[in-house]
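Enquirer: Sharing protein33.cif, mmCIF, C-alpha atoms:
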```cif
data_query
loop_
_atom_site.label_atom_id
_atom_site.label_comp_id
_atom_site.auth_asym_id
_atom_site.auth_seq_id
_atom_site.Cartn_x
_atom_site.Cartn_y
_atom_site.Cartn_z
CA MET A 1 67.06 86.36 81.32
CA LYS A 2 65.63 88.01 84.42
CA ILE A 3 64.30 91.57 84.42
CA TYR A 4 63.72 93.62 87.56
CA LEU A 5 60.55 95.70 87.13
CA ALA A 6 61.21 98.99 88.92
CA GLY A 7 58.56 101.68 89.09
CA PRO A 8 55.90 103.48 91.08
CA GLU A 9 53.23 100.95 90.04
CA VAL A 10 53.71 99.42 93.47
CA PHE A 11 51.81 102.42 94.91
CA LEU A 12 48.75 101.99 92.69
CA PRO A 13 45.53 100.57 94.14
CA ASN A 14 45.90 97.74 91.58
CA ALA A 15 49.62 97.25 92.22
CA VAL A 16 49.41 93.46 92.19
CA GLU A 17 47.53 93.39 88.88
CA MET A 18 50.04 95.82 87.33
CA GLY A 19 52.85 93.51 88.36
CA ALA A 20 51.05 90.52 86.89
CA ALA A 21 50.53 92.40 83.60
CA LYS A 22 54.21 93.35 83.39
CA LYS A 23 55.33 89.82 84.21
CA ALA A 24 52.98 88.38 81.58
CA LEU A 25 54.50 90.71 78.95
CA CYS A 26 57.99 89.62 80.03
CA ALA A 27 57.01 85.98 79.66
CA HIS A 28 55.53 86.68 76.22
CA TYR A 29 58.96 87.88 75.06
CA GLY A 30 60.80 85.00 76.73
CA PHE A 31 61.93 86.78 79.91
CA GLU A 32 61.25 86.37 83.61
CA GLY A 33 59.96 89.50 85.33
CA LEU A 34 60.85 90.13 88.98
CA TYR A 35 58.40 92.54 90.63
CA PRO A 36 59.14 94.40 93.89
CA LEU A 37 55.91 93.23 95.53
CA ASP A 38 57.04 89.63 95.12
CA SER A 39 59.48 90.12 97.95
CA GLU A 40 57.14 92.49 99.80
CA LEU A 41 54.52 89.76 100.11
CA ASP A 42 57.08 87.34 101.48
CA ALA A 43 58.36 89.96 103.88
CA GLY A 44 54.79 90.66 104.99
CA GLN A 45 54.29 87.04 105.88
CA LEU A 46 57.67 86.91 107.56
CA ASP A 47 57.20 89.97 109.74
CA ASP A 48 53.51 89.68 110.48
CA GLY A 49 52.98 91.10 113.91
CA ALA A 50 56.31 92.90 114.09
CA GLU A 51 56.19 95.76 116.58
CA ASP A 52 58.25 98.24 114.59
CA PRO A 53 56.95 99.02 111.08
CA ARG A 54 60.49 99.89 110.06
CA GLN A 55 61.40 96.23 110.34
CA LEU A 56 58.89 95.43 107.59
CA ALA A 57 60.27 98.27 105.45
CA PHE A 58 63.83 96.98 105.87
CA ALA A 59 62.70 93.45 104.98
CA ILE A 60 61.15 94.77 101.75
CA SER A 61 64.34 96.69 100.96
CA TYR A 62 66.42 93.56 101.56
CA GLY A 63 64.11 91.52 99.34
CA ASN A 64 64.19 94.07 96.52
CA GLU A 65 67.97 94.40 96.59
CA GLY A 66 68.13 90.62 96.35
CA LEU A 67 65.84 90.63 93.29
CA ILE A 68 68.02 93.29 91.62
CA GLN A 69 71.16 91.24 92.30
CA GLN A 70 69.48 88.23 90.67
CA ALA A 71 68.35 90.22 87.63
CA ASP A 72 70.29 90.66 84.39
CA VAL A 73 68.37 93.75 83.35
CA ILE A 74 66.39 96.50 85.06
CA ILE A 75 63.48 98.23 83.31
CA ALA A 76 62.73 101.37 85.31
CA ASN A 77 59.52 103.36 84.95
CA LEU A 78 60.83 106.94 85.29
CA THR A 79 57.48 108.65 84.72
CA PRO A 80 57.45 111.69 87.07
CA PHE A 81 55.91 110.78 90.41
CA ARG A 82 54.43 113.27 92.92
CA GLY A 83 56.30 116.23 91.50
CA VAL A 84 59.01 116.98 89.01
CA SER A 85 61.15 113.84 89.04
CA ALA A 86 60.91 110.08 88.93
CA ASP A 87 60.08 108.07 92.06
CA VAL A 88 63.18 108.09 94.27
CA GLY A 89 62.84 104.40 95.11
CA THR A 90 63.00 103.57 91.41
CA VAL A 91 65.96 105.93 90.94
CA TYR A 92 67.84 104.32 93.85
CA GLU A 93 67.25 100.93 92.22
CA LEU A 94 68.50 102.22 88.85
CA GLY A 95 71.69 103.48 90.51
CA LEU A 96 72.13 100.20 92.36
CA ALA A 97 71.70 98.26 89.11
CA ARG A 98 74.27 100.53 87.45
CA GLY A 99 76.76 99.87 90.25
CA LEU A 100 76.15 96.13 89.93
CA GLY A 101 76.82 96.27 86.18
CA LYS A 102 73.29 95.34 85.07
CA GLN A 103 71.77 96.38 81.76
CA LEU A 104 69.71 99.57 82.23
CA LEU A 105 66.48 100.17 80.34
CA ALA A 106 63.97 102.85 81.27
CA TYR A 107 60.91 104.70 80.05
CA SER A 108 58.73 107.66 80.87
CA ASN A 109 55.13 108.31 79.89
CA ASP A 110 55.56 112.08 80.21
CA PRO A 111 57.41 113.71 77.29
CA ARG A 112 58.01 117.17 78.79
CA PRO A 113 61.67 118.06 79.42
CA PHE A 114 62.84 118.39 83.03
CA ALA A 115 63.35 122.17 82.80
CA ASP A 116 59.78 122.71 81.56
CA ARG A 117 58.24 120.54 84.28
CA THR A 118 60.37 122.17 86.98
CA MET A 119 59.59 125.73 85.93
CA ALA A 120 55.88 124.86 85.69
CA LEU A 121 55.85 123.68 89.32
CA TYR A 122 58.62 125.75 90.90
CA GLY A 123 59.28 128.66 88.54
CA ALA A 124 59.69 132.22 89.81
CA ALA A 125 56.36 134.04 90.20
CA GLU A 126 57.87 137.02 88.46
CA SER A 127 60.13 136.23 85.57
CA LEU A 128 63.23 137.62 87.23
CA PHE A 129 65.01 134.62 85.81
CA GLY A 130 64.08 133.85 82.26
CA ARG A 131 65.93 131.72 79.78
CA ASP A 132 68.96 133.90 79.41
CA GLU A 133 71.91 132.36 77.60
CA GLN A 134 74.23 134.01 80.11
CA GLN A 135 72.35 132.97 83.27
CA PRO A 136 71.32 129.52 84.43
CA LEU A 137 67.61 128.85 84.75
CA ARG A 138 66.53 129.27 88.41
CA ASP A 139 63.46 128.29 90.43
CA HIS A 140 61.53 130.53 92.84
CA ASP A 141 64.09 129.83 95.56
CA GLY A 142 66.97 130.88 93.32
CA LEU A 143 68.15 127.27 92.95
CA SER A 144 69.47 126.47 89.49
CA VAL A 145 67.41 124.21 87.23
CA GLU A 146 69.21 121.77 84.92
CA ASP A 147 68.50 122.96 81.39
CA PHE A 148 70.20 120.41 79.16
CA GLY A 149 67.13 119.22 77.28
CA LEU A 150 67.10 115.99 79.29
CA HIS A 151 64.11 114.26 80.85
CA ASP A 152 65.26 114.38 84.49
CA ASN A 153 68.38 114.94 86.59
CA LEU A 154 71.44 114.36 84.39
CA MET A 155 72.80 111.51 86.53
CA ILE A 156 69.80 109.38 85.55
CA GLU A 157 69.90 109.66 81.76
CA GLY A 158 73.69 109.93 81.93
CA GLY A 159 73.93 106.63 83.81
CA ILE A 160 71.67 104.87 81.32
CA ARG A 161 73.88 106.17 78.52
CA LEU A 162 77.11 105.14 80.26
CA ALA A 163 75.64 101.64 80.65
CA ALA A 164 74.85 101.62 76.91
CA GLY A 165 71.22 101.26 77.89
CA ARG A 166 68.05 102.59 76.34
CA PHE A 167 65.59 105.28 77.48
CA MET A 168 62.20 105.56 75.80
CA ILE A 169 59.84 108.52 76.16
CA ARG A 170 56.17 108.44 75.20
CA ASN A 171 53.24 110.77 75.57
CA VAL A 172 50.14 109.13 77.00
CA ALA A 173 46.91 110.54 78.39
CA ASP A 174 47.17 111.97 81.91
CA GLY A 175 45.00 109.26 83.45
CA GLU A 176 47.19 106.52 81.97
CA ARG A 177 50.64 107.81 82.94
CA TYR A 178 51.24 105.02 85.46
CA THR A 179 49.39 102.22 83.70
CA ASP A 180 50.22 102.51 79.98
CA LEU A 181 52.65 99.73 79.09
CA THR A 182 53.35 100.60 75.45
CA ALA A 183 56.86 101.95 76.08
CA PHE A 184 57.56 99.09 78.48
CA GLU A 185 56.59 96.57 75.79
CA GLU A 186 58.70 98.37 73.17
CA LEU A 187 61.72 97.93 75.45
CA LEU A 188 60.95 94.24 75.83
CA ARG A 189 60.69 93.87 72.05
CA TRP A 190 63.99 95.72 71.61
CA LEU A 191 65.62 93.45 74.20
CA ALA A 192 64.25 90.33 72.54
CA ASP A 193 65.65 91.48 69.17
CA ALA A 194 69.04 92.59 70.55
CA PRO A 195 72.00 90.37 69.61
CA ARG A 196 73.47 88.44 72.53
CA MET B 1 90.19 108.12 102.51
CA LYS B 2 88.14 109.82 99.79
CA ILE B 3 84.56 110.93 100.34
CA TYR B 4 82.12 111.75 97.54
CA LEU B 5 79.98 114.73 98.56
CA ALA B 6 76.53 114.10 97.09
CA GLY B 7 73.72 116.59 97.53
CA PRO B 8 71.60 119.36 96.06
CA GLU B 9 74.13 122.03 97.14
CA VAL B 10 75.28 122.03 93.53
CA PHE B 11 72.06 123.90 92.66
CA LEU B 12 72.61 126.74 95.17
CA PRO B 13 73.74 130.16 93.95
CA ASN B 14 76.85 129.66 96.13
CA ALA B 15 77.41 126.07 94.99
CA VAL B 16 81.18 126.47 94.63
CA GLU B 17 81.55 127.98 98.13
CA MET B 18 79.41 125.17 99.62
CA GLY B 19 81.70 122.63 98.01
CA ALA B 20 84.76 124.41 99.34
CA ALA B 21 83.25 124.45 102.85
CA LYS B 22 82.49 120.73 102.73
CA LYS B 23 85.95 119.90 101.39
CA ALA B 24 87.58 122.03 104.12
CA LEU B 25 85.64 120.10 106.78
CA CYS B 26 86.73 116.82 105.20
CA ALA B 27 90.36 117.95 105.27
CA HIS B 28 89.99 118.98 108.93
CA TYR B 29 89.08 115.37 109.79
CA GLY B 30 91.82 113.91 107.61
CA PHE B 31 89.73 113.04 104.53
CA GLU B 32 89.68 114.15 100.92
CA GLY B 33 86.33 115.43 99.72
CA LEU B 34 85.30 114.94 96.08
CA TYR B 35 82.62 117.43 95.02
CA PRO B 36 80.43 116.96 91.92
CA LEU B 37 81.28 120.41 90.55
CA ASP B 38 84.96 119.43 90.43
CA SER B 39 84.22 117.31 87.40
CA GLU B 40 81.57 119.71 86.11
CA LEU B 41 84.12 122.50 85.80
CA ASP B 42 86.50 120.24 83.90
CA ALA B 43 83.67 119.10 81.65
CA GLY B 44 82.70 122.72 81.04
CA GLN B 45 86.19 123.49 79.83
CA LEU B 46 86.24 120.32 77.76
CA ASP B 47 82.94 120.90 76.00
CA ASP B 48 83.01 124.66 75.64
CA GLY B 49 81.16 125.48 72.49
CA ALA B 50 79.46 122.09 72.16
CA GLU B 51 76.35 122.32 70.02
CA ASP B 52 74.18 119.93 72.00
CA PRO B 53 73.77 120.82 75.70
CA ARG B 54 73.16 117.12 76.40
CA GLN B 55 76.81 116.44 75.61
CA LEU B 56 77.82 118.66 78.53
CA ALA B 57 75.30 116.92 80.79
CA PHE B 58 76.67 113.51 79.81
CA ALA B 59 80.23 114.72 80.43
CA ILE B 60 79.23 115.82 83.95
CA SER B 61 77.55 112.46 84.58
CA TYR B 62 80.67 110.63 83.38
CA GLY B 63 82.85 112.79 85.63
CA ASN B 64 80.66 112.26 88.69
CA GLU B 65 80.47 108.49 88.20
CA GLY B 66 84.26 108.52 88.02
CA LEU B 67 84.51 110.45 91.30
CA ILE B 68 82.16 107.94 92.98
CA GLN B 69 84.25 105.03 91.73
CA GLN B 70 87.36 106.68 93.20
CA ALA B 71 85.68 107.34 96.55
CA ASP B 72 85.71 105.04 99.57
CA VAL B 73 82.67 106.66 101.17
CA ILE B 74 79.66 108.67 100.01
CA ILE B 75 78.04 111.25 102.26
CA ALA B 76 74.64 112.05 100.74
CA ASN B 77 72.58 115.10 101.69
CA LEU B 78 69.05 113.65 101.58
CA THR B 79 67.28 116.82 102.75
CA PRO B 80 64.00 116.95 100.76
CA PHE B 81 64.45 118.89 97.54
CA ARG B 82 61.63 120.50 95.51
CA GLY B 83 58.94 118.35 97.02
CA VAL B 84 58.59 115.33 99.24
CA SER B 85 61.78 113.38 98.61
CA ALA B 86 65.52 113.80 98.33
CA ASP B 87 67.11 115.09 95.13
CA VAL B 88 66.96 112.25 92.57
CA GLY B 89 70.52 112.88 91.37
CA THR B 90 71.77 112.36 94.91
CA VAL B 91 69.61 109.24 95.28
CA TYR B 92 70.95 107.78 92.02
CA GLU B 93 74.48 108.37 93.32
CA LEU B 94 73.64 106.69 96.64
CA GLY B 95 72.31 103.64 94.78
CA LEU B 96 75.38 103.57 92.54
CA ALA B 97 77.67 103.75 95.58
CA ARG B 98 75.70 100.89 97.17
CA GLY B 99 76.14 98.77 94.04
CA LEU B 100 79.87 99.53 94.03
CA GLY B 101 80.19 98.45 97.66
CA LYS B 102 81.10 101.87 99.07
CA GLN B 103 80.39 102.97 102.63
CA LEU B 104 77.09 104.89 102.75
CA LEU B 105 76.58 107.84 105.07
CA ALA B 106 73.71 110.29 104.75
CA TYR B 107 71.89 113.09 106.51
CA SER B 108 68.77 115.19 106.29
CA ASN B 109 68.10 118.62 107.75
CA ASP B 110 64.33 118.03 107.79
CA PRO B 111 63.14 115.80 110.64
CA ARG B 112 59.55 115.17 109.47
CA PRO B 113 58.75 111.55 108.53
CA PHE B 114 58.05 110.78 104.86
CA ALA B 115 54.35 110.05 105.45
CA ASP B 116 53.80 113.42 107.16
CA ARG B 117 55.58 115.36 104.42
CA THR B 118 53.74 113.48 101.68
CA MET B 119 50.29 113.95 103.21
CA ALA B 120 51.04 117.65 103.78
CA LEU B 121 51.79 118.14 100.08
CA TYR B 122 49.65 115.45 98.42
CA GLY B 123 47.07 114.39 100.98
CA ALA B 124 43.41 113.98 100.07
CA ALA B 125 41.44 117.25 100.33
CA GLU B 126 38.73 115.43 102.21
CA SER B 127 39.94 112.90 104.71
CA LEU B 128 38.46 109.96 102.84
CA PHE B 129 41.66 108.17 103.67
CA GLY B 130 42.84 108.71 107.20
CA ARG B 131 45.30 106.68 109.19
CA ASP B 132 43.29 103.54 109.43
CA GLU B 133 45.12 100.48 110.71
CA GLN B 134 43.28 98.38 108.13
CA GLN B 135 43.91 100.62 105.12
CA PRO B 136 47.16 101.94 103.72
CA LEU B 137 47.65 105.70 103.78
CA ARG B 138 46.77 107.16 100.34
CA ASP B 139 47.39 110.47 98.59
CA HIS B 140 44.80 112.53 96.69
CA ASP B 141 45.29 110.33 93.63
CA GLY B 142 44.63 107.17 95.62
CA LEU B 143 48.29 106.14 95.45
CA SER B 144 49.53 104.50 98.62
CA VAL B 145 51.95 106.40 100.84
CA GLU B 146 54.71 104.49 102.64
CA ASP B 147 53.92 104.75 106.34
CA PHE B 148 56.77 102.95 108.05
CA GLY B 149 58.06 105.84 110.13
CA LEU B 150 61.02 106.28 107.79
CA HIS B 151 62.45 109.51 106.39
CA ASP B 152 61.95 108.76 102.69
CA ASN B 153 61.27 105.87 100.32
CA LEU B 154 62.23 102.63 102.06
CA MET B 155 64.86 101.67 99.48
CA ILE B 156 66.98 104.64 100.55
CA GLU B 157 67.14 104.12 104.30
CA GLY B 158 67.00 100.35 103.73
CA GLY B 159 70.06 100.50 101.49
CA ILE B 160 72.01 102.56 104.00
CA ARG B 161 71.13 99.99 106.66
CA LEU B 162 72.07 97.03 104.45
CA ALA B 163 75.45 98.71 103.86
CA ALA B 164 75.87 99.09 107.63
CA GLY B 165 75.96 102.82 107.06
CA ARG B 166 74.70 105.72 109.11
CA PHE B 167 71.82 108.14 108.56
CA MET B 168 71.58 111.28 110.65
CA ILE B 169 68.52 113.51 110.90
CA ARG B 170 68.57 117.05 112.26
CA ASN B 171 66.09 119.89 112.53
CA VAL B 172 67.42 123.21 111.27
CA ALA B 173 65.72 126.51 110.44
CA ASP B 174 63.90 126.58 107.09
CA GLY B 175 66.33 129.02 105.52
CA GLU B 176 69.31 126.84 106.42
CA ARG B 177 68.05 123.46 105.20
CA TYR B 178 70.56 123.29 102.35
CA THR B 179 73.46 125.07 103.97
CA ASP B 180 73.63 123.83 107.60
CA LEU B 181 76.60 121.45 107.87
CA THR B 182 76.19 120.32 111.48
CA ALA B 183 74.91 116.83 110.59
CA PHE B 184 77.51 116.56 107.82
CA GLU B 185 80.27 117.34 110.31
CA GLU B 186 78.87 114.87 112.85
CA LEU B 187 79.17 112.14 110.20
CA LEU B 188 82.77 113.15 109.50
CA ARG B 189 83.56 113.01 113.22
CA TRP B 190 81.90 109.59 113.48
CA LEU B 191 83.92 108.39 110.48
CA ALA B 192 87.17 109.74 111.94
CA ASP B 193 86.46 107.90 115.22
CA ALA B 194 85.34 104.63 113.58
CA PRO B 195 87.79 101.73 113.91
CA ARG B 196 89.40 100.73 110.62
#
```
Let's see the structure in the file written out as structure tokens.

Expert:
Amino acid sequence: MKIYLAGPEVFLPNAVEMGAAKKALCAHYGFEGLYPLDSELDAGQLDDGAEDPRQLAFAISYGNEGLIQQADVIIANLTPFRGVSADVGTVYELGLARGLGKQLLAYSNDPRPFADRTMALYGAAESLFGRDEQQPLRDHDGLSVEDFGLHDNLMIEGGIRLAAGRFMIRNVADGERYTDLTAFEELLRWLADAPR
Amino acid sequence: MKIYLAGPEVFLPNAVEMGAAKKALCAHYGFEGLYPLDSELDAGQLDDGAEDPRQLAFAISYGNEGLIQQADVIIANLTPFRGVSADVGTVYELGLARGLGKQLLAYSNDPRPFADRTMALYGAAESLFGRDEQQPLRDHDGLSVEDFGLHDNLMIEGGIRLAAGRFMIRNVADGERYTDLTAFEELLRWLADAPR
């Protein structure tokens, strides 16, 4: 069983080591992990010296979509990235996997609900808009804030649910949000124990 | 031909009017627009009085995925939303549409490249990391910043390209970023003129 390892780890200074650690955990539970940088490295060799950097980006995209097509399962790291929500690259990949009928597993290392995170970063300076049962929650621009008690935009957790997938939330120390693999390993253990 | 109208308009105070305007433009060019709030309103009627607000969120997600399955084309508004990147709900829907083999069209009303927007919001306070040919661009946390000259994370524009879609970027006044429909209409005109 092949698992595509989606997440913002690819932006860490130790991105390659993080991929190796995730793949080793996959192997420990009897799975093969496919890591985005696998195709990136190939693409880098392929396009070395290309004039237009976009060509390299498109080669990476092509490689990653190929890995997702090969995979049976995606495990997406949905820990908030540079702001309120998950990394958009990871979210695109989750949607793609949903459209392709893959099994969807995901985790986040930040337990705060979406509405709380959004209001903390983008809430109104004056509490013109509080949590009024009659009025939707709004940010400082007057844009409504989803307030369903979910972890992120409803399409994300909704899609995982529609795919009969699993979403695991953990609280880890701030400095370990992108590196802690406890929730990731719990999903692998769950997958290994699941009947199939 | 049915077009799913993905975008953060649904969070505007005049979300319903924005949807009506987009659907009217679709009709003008001979298409049927499907707007996320169409299913949300149904779901709201369905789940009125539900105890758990997550049930309403999941009903909306189910409705929207159904609209995307019905659609032939998605037009995604990828204008940056609350931060550096596009709205994650819209990005999930774009990925889903890609996986389902739909035609992908998208636009943004903010012309700045991803790297510029990211460094403006998350760049290092001291320019420890500049644009050095030998070193990847990094944010204030040391996380690398994609610097390919693209508009957002490479999976997004890469996916549109792999689907032989079209991505249109326009510059509009700050106050009209979420409401200007010029790029949206240009995509409709392009679609109406495309051979099929």

Enquirer: Please, which residues are within 10 Å of (64.5, 117.8, 87.9) by the file's coordinates, counting all atoms listed in the file, and could they come as a PyMOL selection string?

Expert: (chain A and resi 80+83-86+113-119+145-147+150-154) or (chain B and resi 81-82+87-89)

Enquirer: Least-squares align chain A to chain B using all Cα atoms paired by position, then dump the moved coordinates as a compact mmCIF listing (two decimals) with C-alpha atoms, in the frame of the given file.

Expert:
```txt
# COMPACT_ATOMS: atom_id res chain seq x y z
CA MET A 1 90.19 108.12 102.50
CA LYS A 2 88.14 109.80 99.79
CA ILE A 3 84.55 110.93 100.34
CA TYR A 4 82.13 111.74 97.54
CA LEU A 5 79.99 114.73 98.56
CA ALA A 6 76.54 114.10 97.09
CA GLY A 7 73.74 116.61 97.53
CA PRO A 8 71.62 119.38 96.07
CA GLU A 9 74.15 122.04 97.13
CA VAL A 10 75.28 122.03 93.52
CA PHE A 11 72.06 123.92 92.65
CA LEU A 12 72.63 126.73 95.16
CA PRO A 13 73.74 130.16 93.94
CA ASN A 14 76.86 129.66 96.11
CA ALA A 15 77.42 126.06 94.99
CA VAL A 16 81.18 126.47 94.62
CA GLU A 17 81.56 127.97 98.10
CA MET A 18 79.43 125.18 99.61
CA GLY A 19 81.71 122.63 98.01
CA ALA A 20 84.78 124.41 99.34
CA ALA A 21 83.27 124.46 102.85
CA LYS A 22 82.50 120.73 102.74
CA LYS A 23 85.95 119.90 101.40
CA ALA A 24 87.60 122.01 104.11
CA LEU A 25 85.65 120.09 106.79
CA CYS A 26 86.74 116.80 105.20
CA ALA A 27 90.36 117.93 105.27
CA HIS A 28 90.01 118.97 108.92
CA TYR A 29 89.09 115.38 109.79
CA GLY A 30 91.83 113.89 107.61
CA PHE A 31 89.73 113.03 104.54
CA GLU A 32 89.68 114.14 100.92
CA GLY A 33 86.33 115.45 99.72
CA LEU A 34 85.31 114.94 96.08
CA TYR A 35 82.63 117.42 95.01
CA PRO A 36 80.43 116.96 91.91
CA LEU A 37 81.28 120.41 90.54
CA ASP A 38 84.94 119.43 90.42
CA SER A 39 84.22 117.30 87.39
CA GLU A 40 81.56 119.70 86.10
CA LEU A 41 84.13 122.48 85.80
CA ASP A 42 86.47 120.22 83.88
CA ALA A 43 83.65 119.08 81.65
CA GLY A 44 82.68 122.71 81.05
CA GLN A 45 86.15 123.50 79.83
CA LEU A 46 86.22 120.34 77.76
CA ASP A 47 82.91 120.89 76.01
CA ASP A 48 82.96 124.64 75.67
CA GLY A 49 81.13 125.48 72.51
CA ALA A 50 79.46 122.10 72.14
CA GLU A 51 76.33 122.34 70.02
CA ASP A 52 74.18 119.95 72.01
CA PRO A 53 73.76 120.80 75.72
CA ARG A 54 73.16 117.13 76.41
CA GLN A 55 76.79 116.45 75.62
CA LEU A 56 77.81 118.68 78.54
CA ALA A 57 75.29 116.92 80.80
CA PHE A 58 76.67 113.50 79.83
CA ALA A 59 80.23 114.71 80.45
CA ILE A 60 79.23 115.82 83.96
CA SER A 61 77.55 112.46 84.58
CA TYR A 62 80.67 110.63 83.40
CA GLY A 63 82.86 112.78 85.63
CA ASN A 64 80.66 112.26 88.69
CA GLU A 65 80.47 108.49 88.22
CA GLY A 66 84.26 108.51 88.01
CA LEU A 67 84.51 110.44 91.30
CA ILE A 68 82.15 107.95 92.99
CA GLN A 69 84.23 105.02 91.73
CA GLN A 70 87.34 106.66 93.20
CA ALA A 71 85.68 107.34 96.55
CA ASP A 72 85.70 105.03 99.57
CA VAL A 73 82.67 106.65 101.16
CA ILE A 74 79.67 108.66 100.01
CA ILE A 75 78.04 111.26 102.27
CA ALA A 76 74.66 112.07 100.73
CA ASN A 77 72.60 115.11 101.69
CA LEU A 78 69.06 113.65 101.60
CA THR A 79 67.29 116.82 102.74
CA PRO A 80 64.00 116.95 100.76
CA PHE A 81 64.45 118.90 97.54
CA ARG A 82 61.63 120.52 95.52
CA GLY A 83 58.93 118.35 97.03
CA VAL A 84 58.59 115.34 99.25
CA SER A 85 61.79 113.39 98.62
CA ALA A 86 65.52 113.81 98.34
CA ASP A 87 67.12 115.09 95.13
CA VAL A 88 66.96 112.26 92.59
CA GLY A 89 70.52 112.89 91.39
CA THR A 90 71.78 112.36 94.93
CA VAL A 91 69.61 109.25 95.31
CA TYR A 92 70.94 107.79 92.04
CA GLU A 93 74.47 108.38 93.34
CA LEU A 94 73.63 106.69 96.66
CA GLY A 95 72.32 103.64 94.79
CA LEU A 96 75.37 103.59 92.55
CA ALA A 97 77.66 103.75 95.59
CA ARG A 98 75.70 100.90 97.18
CA GLY A 99 76.13 98.77 94.05
CA LEU A 100 79.86 99.54 94.02
CA GLY A 101 80.18 98.45 97.66
CA LYS A 102 81.09 101.88 99.07
CA GLN A 103 80.38 102.96 102.63
CA LEU A 104 77.08 104.89 102.76
CA LEU A 105 76.58 107.85 105.07
CA ALA A 106 73.71 110.31 104.74
CA TYR A 107 71.89 113.11 106.51
CA SER A 108 68.77 115.21 106.28
CA ASN A 109 68.10 118.63 107.74
CA ASP A 110 64.34 118.04 107.80
CA PRO A 111 63.13 115.80 110.64
CA ARG A 112 59.55 115.18 109.48
CA PRO A 113 58.74 111.58 108.52
CA PHE A 114 58.04 110.80 104.86
CA ALA A 115 54.33 110.07 105.45
CA ASP A 116 53.80 113.44 107.15
CA ARG A 117 55.58 115.39 104.41
CA THR A 118 53.73 113.49 101.67
CA MET A 119 50.29 113.96 103.20
CA ALA A 120 51.03 117.66 103.77
CA LEU A 121 51.78 118.16 100.06
CA TYR A 122 49.65 115.48 98.41
CA GLY A 123 47.06 114.40 100.98
CA ALA A 124 43.40 113.95 100.07
CA ALA A 125 41.41 117.20 100.28
CA GLU A 126 38.72 115.35 102.15
CA SER A 127 39.93 112.83 104.65
CA LEU A 128 38.48 109.86 102.81
CA PHE A 129 41.69 108.10 103.67
CA GLY A 130 42.83 108.66 107.19
CA ARG A 131 45.31 106.66 109.19
CA ASP A 132 43.31 103.50 109.44
CA GLU A 133 45.17 100.45 110.71
CA GLN A 134 43.33 98.34 108.15
CA GLN A 135 43.92 100.62 105.13
CA PRO A 136 47.17 101.95 103.72
CA LEU A 137 47.65 105.70 103.77
CA ARG A 138 46.76 107.16 100.33
CA ASP A 139 47.38 110.49 98.59
CA HIS A 140 44.80 112.55 96.68
CA ASP A 141 45.28 110.35 93.62
CA GLY A 142 44.61 107.19 95.61
CA LEU A 143 48.28 106.17 95.44
CA SER A 144 49.53 104.51 98.61
CA VAL A 145 51.96 106.43 100.83
CA GLU A 146 54.72 104.51 102.63
CA ASP A 147 53.92 104.76 106.33
CA PHE A 148 56.78 102.96 108.04
CA GLY A 149 58.05 105.86 110.13
CA LEU A 150 61.02 106.28 107.79
CA HIS A 151 62.44 109.52 106.41
CA ASP A 152 61.94 108.77 102.69
CA ASN A 153 61.27 105.88 100.32
CA LEU A 154 62.22 102.63 102.07
CA MET A 155 64.86 101.67 99.48
CA ILE A 156 66.96 104.65 100.56
CA GLU A 157 67.13 104.11 104.32
CA GLY A 158 66.99 100.36 103.74
CA GLY A 159 70.06 100.51 101.49
CA ILE A 160 72.01 102.56 104.02
CA ARG A 161 71.13 99.99 106.66
CA LEU A 162 72.08 97.03 104.45
CA ALA A 163 75.45 98.72 103.85
CA ALA A 164 75.87 99.09 107.63
CA GLY A 165 75.97 102.82 107.05
CA ARG A 166 74.70 105.72 109.10
CA PHE A 167 71.80 108.15 108.56
CA MET A 168 71.59 111.31 110.65
CA ILE A 169 68.51 113.53 110.90
CA ARG A 170 68.56 117.07 112.26
CA ASN A 171 66.09 119.90 112.50
CA VAL A 172 67.42 123.22 111.27
CA ALA A 173 65.73 126.51 110.43
CA ASP A 174 63.91 126.56 107.09
CA GLY A 175 66.34 129.03 105.52
CA GLU A 176 69.32 126.84 106.42
CA ARG A 177 68.06 123.46 105.20
CA TYR A 178 70.56 123.29 102.34
CA THR A 179 73.47 125.08 103.98
CA ASP A 180 73.65 123.82 107.59
CA LEU A 181 76.61 121.46 107.87
CA THR A 182 76.20 120.31 111.48
CA ALA A 183 74.92 116.83 110.60
CA PHE A 184 77.51 116.55 107.83
CA GLU A 185 80.29 117.35 110.32
CA GLU A 186 78.89 114.87 112.85
CA LEU A 187 79.18 112.15 110.20
CA LEU A 188 82.77 113.15 109.51
CA ARG A 189 83.56 113.01 113.23
CA TRP A 190 81.91 109.58 113.48
CA LEU A 191 83.93 108.38 110.48
CA ALA A 192 87.16 109.72 111.93
CA ASP A 193 86.47 107.89 115.22
CA ALA A 194 85.34 104.62 113.59
CA PRO A 195 87.77 101.70 113.92
CA ARG A 196 89.41 100.67 110.66
```

Enquirer: What does the PyMOL selection byres ((chain A and resi 97) around 8) select in this file, as a list in words?

Expert: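 With the shown file as input, the PyMOL selection byres ((chain A and resi 97) around 8) matches Ile68, Gln69, Ile74, Glu93, Leu94, Gly95, Leu96, Arg98, Gly99, Leu100, Gly101, Lys102, Gln103 and Leu104 of chain A; Gly95, Leu96 and Gly99 of chain B.
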
Enquirer: Quick one: residues within 10 Å of region 23-38 of chain A, only C-alpha atoms, excluding same-chain residues fewer than 2 positions away - as a PyMOL selection string?

Expert: chain A and resi 1-7+9-10+15-21+40-44+60-61+63-65+67-68+70-71+73-75+181+184-185+188-193

Enquirer: Would you mind reading off the distance between CA of Tyr122 (chain B) and CA of Tyr122 (chain A), one decimal, in Å?

Expert: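 It comes out at 15.6 Å.
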